[in-house]
file upload.csv (CSV, C-alpha atoms)
chain,number,residue,atom,x,y,z
A,1,GLU,CA,-119.2,-75.4,30.8
A,2,GLU,CA,-119.7,-78.8,29.3
A,3,PHE,CA,-119.2,-77.4,25.8
A,4,GLN,CA,-115.9,-75.8,27.0
A,5,LEU,CA,-114.8,-79.2,28.3
A,6,ALA,CA,-115.8,-80.8,25.0
A,7,GLN,CA,-113.8,-78.2,23.0
A,8,GLU,CA,-110.8,-78.7,25.2
A,9,ALA,CA,-111.1,-82.5,24.7
A,10,LEU,CA,-111.3,-82.0,20.9
A,11,ASP,CA,-108.2,-79.9,20.9
A,12,SER,CA,-106.4,-82.5,23.0
A,13,ALA,CA,-107.6,-85.3,20.8
A,14,ILE,CA,-106.3,-83.6,17.7
A,15,GLU,CA,-103.0,-83.0,19.3
A,16,SER,CA,-102.7,-86.8,20.1
A,17,PHE,CA,-103.8,-87.6,16.6
A,18,GLU,CA,-101.1,-85.5,15.1
A,19,LYS,CA,-98.6,-87.4,17.2
A,20,GLY,CA,-99.9,-90.7,15.9
A,21,GLU,CA,-101.5,-91.6,19.2
A,22,TYR,CA,-104.8,-92.6,17.6
A,23,GLU,CA,-106.2,-94.8,20.4
A,24,SER,CA,-105.5,-92.0,22.9
A,25,ALA,CA,-107.2,-89.4,20.7
A,26,TRP,CA,-110.3,-91.6,20.3
A,27,LYS,CA,-110.6,-92.2,24.1
A,28,ILE,CA,-110.1,-88.5,24.9
A,29,LEU,CA,-112.9,-87.4,22.5
A,30,SER,CA,-115.3,-90.3,23.2
A,31,PRO,CA,-117.1,-88.8,26.3
A,32,TYR,CA,-117.9,-85.6,24.3
A,33,ARG,CA,-118.3,-87.0,20.8
A,34,GLU,CA,-122.1,-86.8,20.7
A,35,LEU,CA,-122.1,-83.2,21.9
A,36,MET,CA,-119.5,-82.2,19.3
A,37,ASP,CA,-121.3,-84.1,16.6
A,38,LEU,CA,-124.5,-82.2,17.4
A,39,THR,CA,-122.6,-78.9,17.5
A,40,PHE,CA,-121.1,-79.4,14.0
A,41,GLU,CA,-124.3,-80.9,12.5
A,42,GLU,CA,-126.1,-77.7,13.5
A,43,SER,CA,-123.3,-75.4,12.5
A,44,ASP,CA,-123.6,-72.9,9.6
A,45,ASP,CA,-119.9,-73.2,9.1
A,46,THR,CA,-120.0,-76.0,6.6
A,47,ASP,CA,-116.2,-76.0,5.9
A,48,MET,CA,-115.4,-76.5,9.6
A,49,ALA,CA,-118.1,-79.1,10.0
A,50,PHE,CA,-116.8,-81.0,6.9
A,51,SER,CA,-113.2,-80.9,8.4
A,52,TYR,CA,-114.4,-82.2,11.7
A,53,PHE,CA,-116.4,-85.1,10.3
A,54,ASN,CA,-113.8,-86.0,7.8
A,55,TRP,CA,-111.1,-86.0,10.5
A,56,LEU,CA,-113.3,-88.1,12.8
A,57,SER,CA,-113.9,-90.6,10.0
A,58,GLU,CA,-110.2,-91.1,9.5
A,59,LEU,CA,-109.7,-91.5,13.2
A,60,ASN,CA,-112.3,-94.2,13.5
A,61,PHE,CA,-110.8,-96.1,10.6
A,62,LEU,CA,-107.4,-96.0,12.3
A,63,VAL,CA,-108.8,-97.5,15.5
A,64,ASP,CA,-110.8,-100.2,13.7
A,65,GLU,CA,-114.2,-98.5,14.3
A,66,TYR,CA,-115.1,-99.1,10.7
A,67,GLU,CA,-118.8,-98.6,10.8
A,68,LEU,CA,-118.4,-95.3,12.7
A,69,GLY,CA,-115.8,-94.3,10.2
A,70,ARG,CA,-118.2,-94.9,7.3
A,71,GLN,CA,-120.9,-93.0,9.1
A,72,TYR,CA,-118.7,-90.0,9.7
A,73,LEU,CA,-117.5,-90.0,6.1
A,74,ASN,CA,-121.1,-89.8,5.0
A,75,LYS,CA,-121.7,-86.9,7.4
A,76,ALA,CA,-118.7,-85.1,5.9
A,77,GLN,CA,-120.0,-85.5,2.4
A,78,LYS,CA,-123.5,-84.4,3.4
A,79,LYS,CA,-122.1,-81.2,5.0
A,80,SER,CA,-120.4,-80.2,1.7
A,81,GLY,CA,-122.4,-79.5,-1.4
A,82,ASP,CA,-119.3,-78.6,-3.3
A,83,GLN,CA,-118.2,-81.3,-5.7
A,84,ASN,CA,-114.7,-79.8,-5.7
A,85,THR,CA,-114.5,-80.9,-2.0
A,86,TYR,CA,-115.3,-84.5,-3.0
A,87,GLY,CA,-112.5,-84.3,-5.5
A,88,GLU,CA,-110.1,-83.0,-2.9
A,89,LEU,CA,-111.1,-85.8,-0.5
A,90,ASP,CA,-110.8,-88.3,-3.2
A,91,PHE,CA,-107.3,-87.1,-4.1
A,92,LEU,CA,-106.2,-87.1,-0.4
A,93,ALA,CA,-107.5,-90.7,0.1
A,94,GLU,CA,-105.7,-91.9,-3.0
A,95,LYS,CA,-102.5,-90.2,-1.9
A,96,ALA,CA,-102.8,-91.9,1.5
A,97,VAL,CA,-103.0,-95.3,-0.2
A,98,ILE,CA,-99.8,-94.6,-2.1
A,99,LEU,CA,-98.0,-93.3,1.0
A,100,ALA,CA,-99.1,-96.2,3.1
A,101,LYS,CA,-97.9,-98.7,0.5
A,102,ASN,CA,-94.5,-97.0,0.1
A,103,GLU,CA,-94.0,-96.6,3.9
A,104,TYR,CA,-95.3,-99.9,5.2
A,105,GLY,CA,-95.4,-102.2,2.2
A,106,GLU,CA,-98.3,-103.9,0.4
A,107,TYR,CA,-98.9,-106.5,3.0
A,108,ASP,CA,-99.2,-104.2,6.0
A,109,ILE,CA,-102.4,-103.4,8.0
A,110,ASN,CA,-101.9,-99.7,7.5
A,111,TYR,CA,-102.0,-100.2,3.7
A,112,ALA,CA,-105.2,-102.3,4.1
A,113,ILE,CA,-106.8,-99.5,6.2
A,114,SER,CA,-106.0,-96.9,3.6
A,115,LEU,CA,-107.5,-99.1,0.9
A,116,ASP,CA,-110.7,-99.6,3.0
A,117,TYR,CA,-111.0,-95.9,3.6
A,118,LEU,CA,-110.7,-95.1,-0.1
A,119,SER,CA,-113.2,-97.8,-1.0
A,120,VAL,CA,-115.8,-96.5,1.4
A,121,LEU,CA,-115.3,-93.1,-0.2
A,122,TYR,CA,-115.8,-94.6,-3.7
A,123,GLY,CA,-118.8,-96.4,-2.5
A,124,SER,CA,-120.3,-93.2,-1.1
A,125,LEU,CA,-119.8,-91.6,-4.5
A,126,ASN,CA,-121.4,-94.6,-6.3
A,127,ARG,CA,-118.0,-95.4,-7.9
A,128,TYR,CA,-118.3,-99.1,-7.2
A,129,LYS,CA,-116.1,-100.4,-9.9
A,130,TYR,CA,-113.2,-98.5,-8.3
A,131,ALA,CA,-114.0,-99.7,-4.8
A,132,GLU,CA,-114.1,-103.5,-5.7
A,133,PRO,CA,-110.4,-104.0,-6.6
A,134,ASN,CA,-109.2,-102.1,-3.6
A,135,LEU,CA,-111.4,-104.1,-1.3
A,136,LEU,CA,-110.2,-107.4,-2.8
A,137,LYS,CA,-106.6,-106.2,-2.1
A,138,SER,CA,-107.3,-105.3,1.5
A,139,GLN,CA,-109.3,-108.4,2.1
A,140,LYS,CA,-106.2,-110.5,1.2
A,141,ILE,CA,-104.1,-108.5,3.6
A,142,TRP,CA,-106.6,-109.0,6.5
A,143,GLU,CA,-106.7,-112.7,5.7
A,144,GLU,CA,-103.0,-113.1,5.7
A,145,GLN,CA,-102.5,-111.1,8.9
A,146,PHE,CA,-105.4,-112.5,10.9
A,147,GLY,CA,-106.7,-115.6,9.2
A,148,LYS,CA,-110.1,-116.4,7.8
A,149,HIS,CA,-111.9,-116.8,11.2
A,150,HIS,CA,-111.0,-113.4,12.7
A,151,PRO,CA,-113.6,-110.6,13.1
A,152,LYS,CA,-111.3,-108.1,11.3
A,153,TYR,CA,-111.4,-110.4,8.3
A,154,ALA,CA,-115.2,-110.6,8.6
A,155,ILE,CA,-115.4,-106.8,8.5
A,156,SER,CA,-113.4,-106.8,5.2
A,157,LEU,CA,-116.0,-109.2,3.8
A,158,ASP,CA,-118.8,-106.8,4.9
A,159,TYR,CA,-117.2,-103.9,3.0
A,160,LEU,CA,-117.1,-105.9,-0.2
A,161,ALA,CA,-120.5,-107.4,0.3
A,162,ILE,CA,-122.0,-103.9,0.6
A,163,ILE,CA,-120.4,-102.8,-2.7
A,164,TYR,CA,-121.8,-105.9,-4.4
A,165,LEU,CA,-125.2,-105.1,-2.8
A,166,ARG,CA,-125.1,-101.6,-4.3
A,167,MET,CA,-124.1,-103.1,-7.7
A,168,ALA,CA,-127.1,-105.5,-7.5
A,169,ARG,CA,-124.7,-108.5,-7.5
A,170,TYR,CA,-126.9,-110.1,-4.9
A,171,PHE,CA,-125.6,-113.6,-4.9
A,172,ASP,CA,-122.0,-112.4,-4.5
A,173,ALA,CA,-123.2,-110.1,-1.7
A,174,GLU,CA,-125.1,-112.9,0.0
A,175,ARG,CA,-122.1,-115.3,-0.1
A,176,LEU,CA,-119.9,-112.8,1.7
A,177,MET,CA,-122.5,-111.6,4.2
A,178,LEU,CA,-123.3,-115.2,5.3
A,179,LYS,CA,-119.6,-115.9,5.7
A,180,SER,CA,-119.1,-112.8,7.7
A,181,LYS,CA,-122.1,-113.6,9.9
A,182,GLU,CA,-120.8,-117.1,10.6
A,183,ILE,CA,-117.4,-115.7,11.7
A,184,LYS,CA,-119.1,-113.1,14.0
A,185,GLU,CA,-121.4,-115.7,15.5
A,186,THR,CA,-118.4,-117.7,16.6
A,187,LYS,CA,-116.1,-114.9,17.7
A,188,LEU,CA,-118.4,-112.1,18.9
A,189,ASP,CA,-121.3,-111.4,21.3
A,190,LYS,CA,-124.5,-111.5,19.2
A,191,TYR,CA,-125.5,-108.2,20.8
A,192,LEU,CA,-122.4,-106.2,19.7
A,193,PRO,CA,-123.0,-103.6,17.0
A,194,ASP,CA,-120.8,-105.4,14.4
A,195,TYR,CA,-123.0,-108.5,14.5
A,196,VAL,CA,-126.3,-106.5,14.5
A,197,THR,CA,-125.0,-104.6,11.5
A,198,SER,CA,-124.4,-107.9,9.6
A,199,LEU,CA,-128.0,-108.8,10.2
A,200,SER,CA,-129.2,-105.4,9.0
A,201,HIS,CA,-127.2,-105.7,5.8
A,202,LEU,CA,-128.6,-109.2,5.2
A,203,ALA,CA,-132.2,-108.0,5.7
A,204,GLU,CA,-131.6,-105.2,3.2
A,205,LEU,CA,-130.2,-107.7,0.7
A,206,TYR,CA,-133.1,-110.1,1.0
A,207,GLU,CA,-135.6,-107.3,0.7
A,208,ASN,CA,-133.9,-106.2,-2.6
A,209,MET,CA,-134.0,-109.8,-3.8
A,210,GLY,CA,-137.7,-110.0,-2.9
A,211,ARG,CA,-137.0,-112.7,-0.3
A,212,TYR,CA,-139.2,-111.1,2.3
A,213,SER,CA,-139.6,-114.1,4.5
A,214,ASP,CA,-135.8,-114.4,4.9
A,215,ALA,CA,-135.5,-110.7,5.7
call {"tool": "encode", "arguments": {"input": "upload.csv", "output": "structure tokens"}}
result
Amino acid sequence: EEFQLAQEALDSAIESFEKGEYESAWKILSPYRELMDLTFEESDDTDMAFSYFNWLSELNFLVDEYELGRQYLNKAQKKSGDQNTYGELDFLAEKAVILAKNEYGEYDINYAISLDYLSVLYGSLNRYKYAEPNLLKSQKIWEEQFGKHHPKYAISLDYLAIIYLRMARYFDAERLMLKSKEIKETKLDKYLPDYVTSLSHLAELYENMGRYSDA
């Protein structure tokens, strides 16, 4: 019975998503998300599982749940061993960036979100040099829209910092991570996931740098 309710919630969430009602879609699915996640993780139908996790990744990005969005994107990629699927996802993300720029303009939040989504995808595929310029563009938009002391701007710093971390540009990564941490300390509860995630990334950075006492 619970699974039936979860399936109905998923259908309803997808319907809301297709209408552009992203917050509503997210709220409808949230009570059943863990059950549906487990169902698709254990499913032998990799195509359907890939579609679910990819869709949920996009939904989370659209409602500013960036860390969850990144996690679901990784789940989608793990579910598919077909490199052609990566190429298709890559193409769709790049197309979304173009459409967002044309429809909303290059200073709009929707354009920034599409750039972030594409950059996370590039990062997951180790294509860091393609991710960096997109994140620099989106960071500028977040700054212009919200200012340098807003948590959304801090998240944009996190994204770029992680790319620098993966590129072994440790000093650039540290500079951005510390700036992000400072913003979150001022604006957010220190027990919220976003702040805890910042500490986790810093610890990983310091371990890579051999600064174990700082980690």
call {"tool": "residues_around", "arguments": {"input": "upload.csv", "residues": "Ser30 of chain A", "least_positions_apart": "2", "cutoff": "12 Å", "atoms": "only C-alpha atoms", "output": "number ranges by chain"}}
result
A: 6, 9-10, 12-13, 23-28, 32-37, 56, 59-60
call {"tool": "residues_around", "arguments": {"input": "upload.csv", "residues": "segment 130-147 of chain A", "least_positions_apart": "2", "cutoff": "6 Å", "atoms": "all atoms listed in the file", "output": "list in words"}}
result
Tyr107, Ala112, Leu115, Ser119, Tyr122, Arg127, Tyr128, His149, His150, Tyr153 and Ser156 of chain A
call {"tool": "atom_distance", "arguments": {"input": "upload.csv", "atom1": "atom CA of Ile163 of chain A", "atom2": "atom CA of Val120 of chain A"}}
result
8.8 Å
call {"tool": "atom_distance", "arguments": {"input": "upload.csv", "atom1": "atom CA of Asp214 of chain A", "atom2": "atom CA of Ile155 of chain A"}}
result
22.1 Å
call {"tool": "residues_around", "arguments": {"input": "upload.csv", "residues": "segment 173-177 of chain A", "least_positions_apart": "4", "cutoff": "8 Å", "atoms": "all atoms listed in the file", "output": "PDB file with C-alpha atoms, in the coordinates of the input"}}
result
ATOM      1  CA  LEU A 157    -116.000-109.200   3.800  1.00  0.00           C
ATOM      2  CA  ASP A 158    -118.800-106.800   4.900  1.00  0.00           C
ATOM      3  CA  LEU A 160    -117.100-105.900  -0.200  1.00  0.00           C
ATOM      4  CA  ALA A 161    -120.500-107.400   0.300  1.00  0.00           C
ATOM      5  CA  ILE A 162    -122.000-103.900   0.600  1.00  0.00           C
ATOM      6  CA  ILE A 163    -120.400-102.800  -2.700  1.00  0.00           C
ATOM      7  CA  TYR A 164    -121.800-105.900  -4.400  1.00  0.00           C
ATOM      8  CA  LEU A 165    -125.200-105.100  -2.800  1.00  0.00           C
ATOM      9  CA  ARG A 169    -124.700-108.500  -7.500  1.00  0.00           C
ATOM     10  CA  LYS A 181    -122.100-113.600   9.900  1.00  0.00           C
ATOM     11  CA  SER A 198    -124.400-107.900   9.600  1.00  0.00           C
ATOM     12  CA  HIS A 201    -127.200-105.700   5.800  1.00  0.00           C
ATOM     13  CA  LEU A 202    -128.600-109.200   5.200  1.00  0.00           C
ATOM     14  CA  LEU A 205    -130.200-107.700   0.700  1.00  0.00           C
TER      15      LEU A 205
END
call {"tool": "residues_around", "arguments": {"input": "upload.csv", "residues": "Asp64 of chain A", "least_positions_apart": "2", "cutoff": "12 Å", "atoms": "all atoms listed in the file", "output": "NGL selection string"}}
result
:A and (22-23 or 26 or 57-62 or 66-70 or 109-110 or 112-114 or 116-117 or 151-153 or 155-156 or 194)
call {"tool": "atom_distance", "arguments": {"input": "upload.csv", "atom1": "atom CA of Tyr170 of chain A", "atom2": "atom CA of Tyr212 of chain A"}}
result
14.3 Å
call {"tool": "residues_around", "arguments": {"input": "upload.csv", "residues": "Asn102 of chain A", "least_positions_apart": "5", "cutoff": "10 Å", "atoms": "all atoms listed in the file", "output": "PyMOL selection string"}}
result
chain A and resi 96-97+111
call {"tool": "closest_residue", "arguments": {"input": "upload.csv", "among": "A:Glu94, A:Val196, A:Pro31, A:Glu21", "to": "Val63 of chain A", "atoms": "all atoms listed in the file"}}
result
A:Glu21
call {"tool": "closest_residue", "arguments": {"input": "upload.csv", "among": "A:Ala76, A:Leu118, A:Gln71, A:Thr186", "to": "Ser51 of chain A", "atoms": "only C-alpha atoms"}}
result
A:Ala76
call {"tool": "closest_residue", "arguments": {"input": "upload.csv", "among": "A:Leu188, A:Leu29, A:Leu38, A:Ala100", "to": "Lys75 of chain A", "atoms": "only C-alpha atoms"}}
result
A:Leu38
call {"tool": "closest_residue", "arguments": {"input": "upload.csv", "among": "A:Trp55, A:Phe17, A:Tyr206, A:Tyr72", "to": "Glu41 of chain A", "atoms": "all atoms listed in the file"}}
result
A:Tyr72
call {"tool": "closest_residue", "arguments": {"input": "upload.csv", "among": "A:Lys187, A:Arg166, A:Lys101, A:Tyr159", "to": "Asn126 of chain A", "atoms": "all atoms listed in the file"}}
result
A:Arg166
call {"tool": "decode", "arguments": {"input": "upload.csv", "residues": "segment 121-134 of chain A", "atoms": "all heavy atoms", "output": "short mmCIF file (atom, residue, chain, number, x, y, z; two decimals), in the first residue's frame"}}
result
data_model
loop_
_atom_site.label_atom_id
_atom_site.label_comp_id
_atom_site.auth_asym_id
_atom_site.auth_seq_id
_atom_site.Cartn_x
_atom_site.Cartn_y
_atom_site.Cartn_z
N LEU A 121 27.73 18.13 -14.08
CA LEU A 121 27.87 17.00 -15.00
C LEU A 121 29.31 16.88 -15.51
O LEU A 121 29.90 15.79 -15.50
CB LEU A 121 26.91 17.16 -16.18
CG LEU A 121 27.03 16.13 -17.30
CD1 LEU A 121 26.81 14.72 -16.76
CD2 LEU A 121 26.06 16.44 -18.42
N TYR A 122 29.87 17.99 -15.94
CA TYR A 122 31.27 17.98 -16.40
C TYR A 122 32.20 17.50 -15.29
O TYR A 122 33.13 16.73 -15.53
CB TYR A 122 31.69 19.38 -16.84
CG TYR A 122 31.18 19.82 -18.19
CD1 TYR A 122 30.99 21.17 -18.48
CD2 TYR A 122 30.90 18.89 -19.18
CE1 TYR A 122 30.53 21.58 -19.72
CE2 TYR A 122 30.44 19.29 -20.43
CZ TYR A 122 30.26 20.64 -20.69
OH TYR A 122 29.80 21.03 -21.93
N GLY A 123 31.95 17.97 -14.07
CA GLY A 123 32.78 17.55 -12.96
C GLY A 123 32.69 16.06 -12.70
O GLY A 123 33.70 15.40 -12.42
N SER A 124 31.49 15.51 -12.82
CA SER A 124 31.30 14.08 -12.61
C SER A 124 32.02 13.25 -13.67
O SER A 124 32.39 12.10 -13.43
CB SER A 124 29.81 13.74 -12.64
OG SER A 124 29.12 14.42 -11.62
N LEU A 125 32.21 13.85 -14.84
CA LEU A 125 32.90 13.16 -15.93
C LEU A 125 34.38 13.54 -16.01
O LEU A 125 35.05 13.23 -16.99
CB LEU A 125 32.21 13.51 -17.27
CG LEU A 125 30.75 13.05 -17.39
CD1 LEU A 125 30.14 13.59 -18.68
CD2 LEU A 125 30.65 11.54 -17.36
N ASN A 126 34.87 14.26 -14.96
CA ASN A 126 36.28 14.69 -14.89
C ASN A 126 36.66 15.66 -16.01
O ASN A 126 37.84 15.76 -16.37
CB ASN A 126 37.22 13.47 -14.93
CG ASN A 126 36.98 12.52 -13.79
OD1 ASN A 126 36.66 12.94 -12.68
ND2 ASN A 126 37.12 11.23 -14.05
N ARG A 127 35.68 16.40 -16.51
CA ARG A 127 35.96 17.39 -17.55
C ARG A 127 36.00 18.77 -16.90
O ARG A 127 35.19 19.65 -17.17
CB ARG A 127 34.88 17.30 -18.64
CG ARG A 127 34.89 15.95 -19.36
CD ARG A 127 33.68 15.76 -20.24
NE ARG A 127 33.62 16.72 -21.32
CZ ARG A 127 32.61 16.79 -22.19
NH1 ARG A 127 31.60 15.96 -22.09
NH2 ARG A 127 32.61 17.69 -23.14
N TYR A 128 36.99 18.93 -16.04
CA TYR A 128 37.04 20.11 -15.17
C TYR A 128 37.27 21.41 -15.95
O TYR A 128 36.75 22.46 -15.58
CB TYR A 128 38.13 19.93 -14.12
CG TYR A 128 37.97 18.66 -13.32
CD1 TYR A 128 39.01 17.73 -13.24
CD2 TYR A 128 36.79 18.38 -12.65
CE1 TYR A 128 38.87 16.55 -12.52
CE2 TYR A 128 36.64 17.21 -11.92
CZ TYR A 128 37.68 16.30 -11.87
OH TYR A 128 37.53 15.14 -11.15
N LYS A 129 38.06 21.35 -17.00
CA LYS A 129 38.37 22.58 -17.74
C LYS A 129 37.13 23.15 -18.42
O LYS A 129 37.09 24.34 -18.74
CB LYS A 129 39.49 22.34 -18.75
CG LYS A 129 39.12 21.43 -19.91
CD LYS A 129 40.28 21.32 -20.90
CE LYS A 129 39.93 20.47 -22.10
NZ LYS A 129 41.05 20.39 -23.07
N TYR A 130 36.12 22.29 -18.65
CA TYR A 130 34.87 22.78 -19.22
C TYR A 130 33.94 23.32 -18.13
O TYR A 130 33.12 24.21 -18.39
CB TYR A 130 34.16 21.64 -19.97
CG TYR A 130 34.92 21.12 -21.16
CD1 TYR A 130 35.62 19.92 -21.09
CD2 TYR A 130 34.96 21.82 -22.35
CE1 TYR A 130 36.33 19.43 -22.17
CE2 TYR A 130 35.68 21.35 -23.44
CZ TYR A 130 36.36 20.16 -23.35
OH TYR A 130 37.06 19.69 -24.42
N ALA A 131 34.07 22.77 -16.93
CA ALA A 131 33.22 23.20 -15.83
C ALA A 131 33.60 24.60 -15.34
O ALA A 131 32.73 25.42 -15.03
CB ALA A 131 33.31 22.21 -14.68
N GLU A 132 34.89 24.88 -15.25
CA GLU A 132 35.35 26.14 -14.64
C GLU A 132 34.76 27.39 -15.29
O GLU A 132 34.20 28.24 -14.57
CB GLU A 132 36.88 26.21 -14.67
CG GLU A 132 37.40 27.47 -14.00
CD GLU A 132 38.91 27.62 -14.14
OE1 GLU A 132 39.52 26.86 -14.92
OE2 GLU A 132 39.47 28.52 -13.49
N PRO A 133 34.83 27.59 -16.61
CA PRO A 133 34.29 28.82 -17.18
C PRO A 133 32.79 28.99 -16.97
O PRO A 133 32.30 30.11 -16.77
CB PRO A 133 34.63 28.72 -18.68
CG PRO A 133 34.90 27.28 -18.92
CD PRO A 133 35.45 26.74 -17.64
N ASN A 134 32.04 27.87 -16.98
CA ASN A 134 30.61 27.95 -16.73
C ASN A 134 30.31 28.39 -15.30
O ASN A 134 29.40 29.17 -15.04
CB ASN A 134 29.94 26.59 -17.00
CG ASN A 134 29.86 26.28 -18.47
OD1 ASN A 134 29.72 27.17 -19.30
ND2 ASN A 134 29.93 25.01 -18.82
#
